[in-house]
$ cat final-v7.csv   # CSV, C-alpha atoms
chain,number,residue,atom,x,y,z
O,1,MET,CA,-2.0,-54.6,120.6
O,2,SER,CA,-1.6,-55.5,116.9
O,3,TYR,CA,-1.9,-59.1,115.6
O,4,ARG,CA,1.9,-59.3,114.9
O,5,GLU,CA,2.7,-58.0,118.4
O,6,SER,CA,0.3,-60.4,120.0
O,7,ASN,CA,1.8,-63.4,118.0
O,8,ARG,CA,5.3,-62.3,119.1
O,9,GLN,CA,4.2,-62.1,122.7
O,10,LEU,CA,2.4,-65.5,122.6
O,11,ALA,CA,5.5,-67.1,121.0
O,12,ALA,CA,7.7,-65.7,123.8
O,13,TYR,CA,5.3,-67.2,126.4
O,14,ARG,CA,5.3,-70.5,124.6
O,15,GLU,CA,9.1,-70.5,124.7
O,16,GLN,CA,9.0,-69.8,128.5
O,17,LEU,CA,6.5,-72.6,128.9
O,18,THR,CA,8.7,-75.0,126.9
O,19,GLU,CA,11.6,-74.2,129.1
O,20,LEU,CA,9.6,-74.6,132.3
O,21,ARG,CA,8.3,-78.0,131.2
O,22,ARG,CA,11.9,-79.1,130.5
O,23,LYS,CA,12.9,-78.1,134.0
O,24,MET,CA,9.8,-79.9,135.4
O,25,ARG,CA,10.8,-83.1,133.5
O,26,GLU,CA,14.3,-82.9,135.0
O,27,VAL,CA,13.0,-82.5,138.5
O,28,GLN,CA,10.5,-85.4,137.9
O,29,ALA,CA,13.3,-87.6,136.6
O,30,ALA,CA,15.4,-86.9,139.7
O,31,ILE,CA,12.8,-88.0,142.2
O,32,GLU,CA,14.1,-91.0,144.2
O,33,PRO,CA,11.6,-93.8,144.7
O,34,GLU,CA,10.2,-94.2,148.2
O,35,PRO,CA,8.6,-97.2,149.8
O,36,VAL,CA,4.9,-97.4,149.8
O,37,ALA,CA,2.9,-99.0,152.6
O,38,ASP,CA,1.3,-102.3,151.7
O,39,TYR,CA,-2.3,-101.0,152.1
O,40,VAL,CA,-5.1,-103.5,152.6
O,41,PHE,CA,-8.3,-103.1,150.7
O,42,ALA,CA,-11.7,-104.9,151.1
O,43,THR,CA,-12.8,-107.2,148.3
O,44,PRO,CA,-15.7,-109.7,147.9
O,45,ALA,CA,-13.1,-112.4,148.6
O,46,GLY,CA,-11.8,-110.7,151.7
O,47,PRO,CA,-8.9,-108.4,152.5
O,48,ARG,CA,-6.3,-107.9,149.8
O,49,SER,CA,-3.0,-106.1,150.0
O,50,LEU,CA,-1.8,-103.5,147.6
O,51,SER,CA,1.2,-105.8,146.7
O,52,ALA,CA,-1.2,-108.7,145.9
O,53,LEU,CA,-3.1,-106.5,143.4
O,54,PHE,CA,0.0,-106.6,141.1
O,55,GLY,CA,-0.6,-110.3,140.5
O,56,ASP,CA,2.1,-111.4,138.0
O,57,LYS,CA,2.4,-108.0,136.5
O,58,ARG,CA,5.3,-105.5,137.0
O,59,ASP,CA,2.9,-102.5,136.8
O,60,LEU,CA,-0.4,-101.7,138.5
O,61,ILE,CA,-2.9,-99.1,137.4
O,62,VAL,CA,-5.2,-98.0,140.2
O,63,ILE,CA,-8.2,-95.9,139.2
O,64,HIS,CA,-9.9,-93.9,142.0
O,65,ASN,CA,-13.6,-93.9,141.6
O,66,MET,CA,-15.7,-91.7,143.9
O,67,ALA,CA,-18.5,-94.2,144.3
O,68,THR,CA,-21.8,-95.1,142.7
O,69,SER,CA,-23.2,-91.6,143.2
O,70,CYS,CA,-20.7,-90.0,140.8
O,71,PRO,CA,-21.9,-89.9,137.2
O,72,ALA,CA,-18.5,-88.8,135.9
O,73,CYS,CA,-16.8,-91.7,137.6
O,74,THR,CA,-19.4,-94.1,136.2
O,75,LEU,CA,-18.8,-92.6,132.7
O,76,TRP,CA,-15.0,-93.2,133.0
O,77,ALA,CA,-15.4,-96.7,134.4
O,78,ASP,CA,-17.7,-97.5,131.5
O,79,GLY,CA,-14.9,-96.5,129.2
O,80,PHE,CA,-12.3,-98.5,131.1
O,81,ASN,CA,-14.5,-101.5,130.8
O,82,GLY,CA,-14.0,-101.5,127.0
O,83,LEU,CA,-10.2,-101.0,127.4
O,84,TYR,CA,-9.8,-103.4,130.3
O,85,PRO,CA,-8.8,-106.5,128.2
O,86,HIS,CA,-6.1,-104.5,126.4
O,87,ILE,CA,-4.8,-102.9,129.6
O,88,ALA,CA,-4.8,-106.3,131.5
O,89,ASP,CA,-2.5,-107.8,128.9
O,90,ARG,CA,0.2,-105.3,129.9
O,91,ALA,CA,-0.5,-104.3,133.6
O,92,ALA,CA,-2.6,-105.1,136.6
O,93,PHE,CA,-5.7,-102.9,136.7
O,94,VAL,CA,-8.1,-102.2,139.5
O,95,VAL,CA,-10.8,-99.6,140.3
O,96,ALA,CA,-10.9,-98.4,143.9
O,97,SER,CA,-13.9,-96.7,145.5
O,98,PRO,CA,-15.2,-96.1,149.0
O,99,ASP,CA,-18.3,-98.2,148.4
O,100,PRO,CA,-18.4,-101.5,150.3
O,101,PRO,CA,-17.6,-104.6,148.1
O,102,GLU,CA,-21.3,-105.7,148.0
O,103,VAL,CA,-22.3,-102.3,146.6
O,104,GLN,CA,-19.5,-102.4,144.1
O,105,GLN,CA,-20.4,-105.9,142.9
O,106,ARG,CA,-24.1,-105.0,142.5
O,107,PHE,CA,-23.3,-101.7,140.6
O,108,ALA,CA,-20.6,-103.3,138.5
O,109,ALA,CA,-22.9,-106.2,137.5
O,110,GLY,CA,-25.6,-103.7,136.5
O,111,ARG,CA,-23.1,-101.9,134.2
O,112,GLY,CA,-21.4,-105.0,132.9
O,113,TRP,CA,-18.0,-104.0,134.3
O,114,ARG,CA,-15.4,-106.8,133.9
O,115,PHE,CA,-12.5,-105.2,135.8
O,116,PRO,CA,-11.7,-105.9,139.5
O,117,MET,CA,-12.7,-103.5,142.2
O,118,VAL,CA,-11.5,-102.9,145.7
O,119,SER,CA,-12.9,-100.8,148.5
O,120,HIS,CA,-10.8,-98.3,150.4
O,121,ASP,CA,-13.6,-97.4,152.8
O,122,GLY,CA,-12.1,-96.9,156.3
O,123,THR,CA,-8.5,-97.1,155.1
O,124,ASP,CA,-5.8,-94.4,154.9
$ encode --input "final-v7.csv" --output "structure tokens"
Amino acid sequence: MSYRESNRQLAAYREQLTELRRKMREVQAAIEPEPVADYVFATPAGPRSLSALFGDKRDLIVIHNMATSCPACTLWADGFNGLYPHIADRAAFVVASPDPPEVQQRFAAGRGWRFPMVSHDGTD
């Protein structure tokens, strides 16, 4: 296939993708909100409900971390640590992992993490 033919074919595919993305945005926008269970997480201060994690903010960002044994999760959490003060101005923010709160605290202290963490170990 020639260079020009390839470019024409790629342009046609890009147009199809653009149209498909438009349709996906329409479907996403039409989704009706559904109630979410008020899950309970373990924290160093005791059980804490999902609704309580919002604090006085309208929005809540929950980051799933796969535990202390995941180097990629640790890398991301290190990055969120720097962003946390800026995010916390606008939304509630919490990192959730399956580690027990004591393990989370020890690991977070060793990395200098400032954001709150909750444990979802044993929850649905």
$ residues_around --input "final-v7.csv" --residues "Pro98 of chain O" --least-positions-apart "2" --cutoff "8 Å" --atoms "all atoms listed in the file" --output "number ranges by chain"
O: 65-67, 96, 100, 119-122
$ atom_distance --input "final-v7.csv" --atom1 "atom CA of Pro35 of chain O" --atom2 "atom CA of Leu50 of chain O"
12.4 Å
$ closest_residue --input "final-v7.csv" --among "O:Arg106, O:Phe115, O:Val36, O:Asp59" --to "Tyr84 of chain O" --atoms "only C-alpha atoms"
O:Phe115
$ closest_residue --input "final-v7.csv" --among "O:Ser49, O:Thr18, O:Ser2, O:Thr43" --to "Val118 of chain O" --atoms "all atoms listed in the file"
O:Thr43
$ atom_distance --input "final-v7.csv" --atom1 "atom CA of Arg58 of chain O" --atom2 "atom CA of Cys73 of chain O"
26.1 Å
$ axis_aligned_box --input "final-v7.csv" --around "segment 31-45 of chain O" --padding-each-side "4 Å" --output "lines of an AutoDock Vina configuration file"
center_x = -0.8
center_y = -100.2
center_z = 147.4
size_x = 37.8
size_y = 32.4
size_z = 18.4
$ closest_residue --input "final-v7.csv" --among "O:Arg90, O:Leu20, O:Glu34, O:Tyr13" --to "Lys57 of chain O" --atoms "all atoms listed in the file"
O:Arg90
$ residues_around --input "final-v7.csv" --residues "Ile61 of chain O" --least-positions-apart "5" --cutoff "8 Å" --atoms "all atoms listed in the file" --output "list in words"
Ala91, Ala92, Phe93 and Val94 of chain O
$ residues_around --input "final-v7.csv" --residues "Arg114 of chain O" --least-positions-apart "2" --cutoff "8 Å" --atoms "all atoms listed in the file" --output "PyMOL selection string"
chain O and resi 81+84+108+112+116
$ closest_residue --input "final-v7.csv" --among "O:Ala52, O:Met117, O:Val27, O:Ala45" --to "Ala77 of chain O" --atoms "all atoms listed in the file"
O:Met117
$ atom_distance --input "final-v7.csv" --atom1 "atom CA of Val40 of chain O" --atom2 "atom CA of Asp124 of chain O"
9.4 Å
$ closest_residue --input "final-v7.csv" --among "O:Ser97, O:Thr74, O:Gln104, O:Asn7" --to "Thr123 of chain O" --atoms "only C-alpha atoms"
O:Ser97
$ closest_residue --input "final-v7.csv" --among "O:Gln28, O:Val103, O:Trp113, O:Leu17" --to "Phe80 of chain O" --atoms "all atoms listed in the file"
O:Trp113
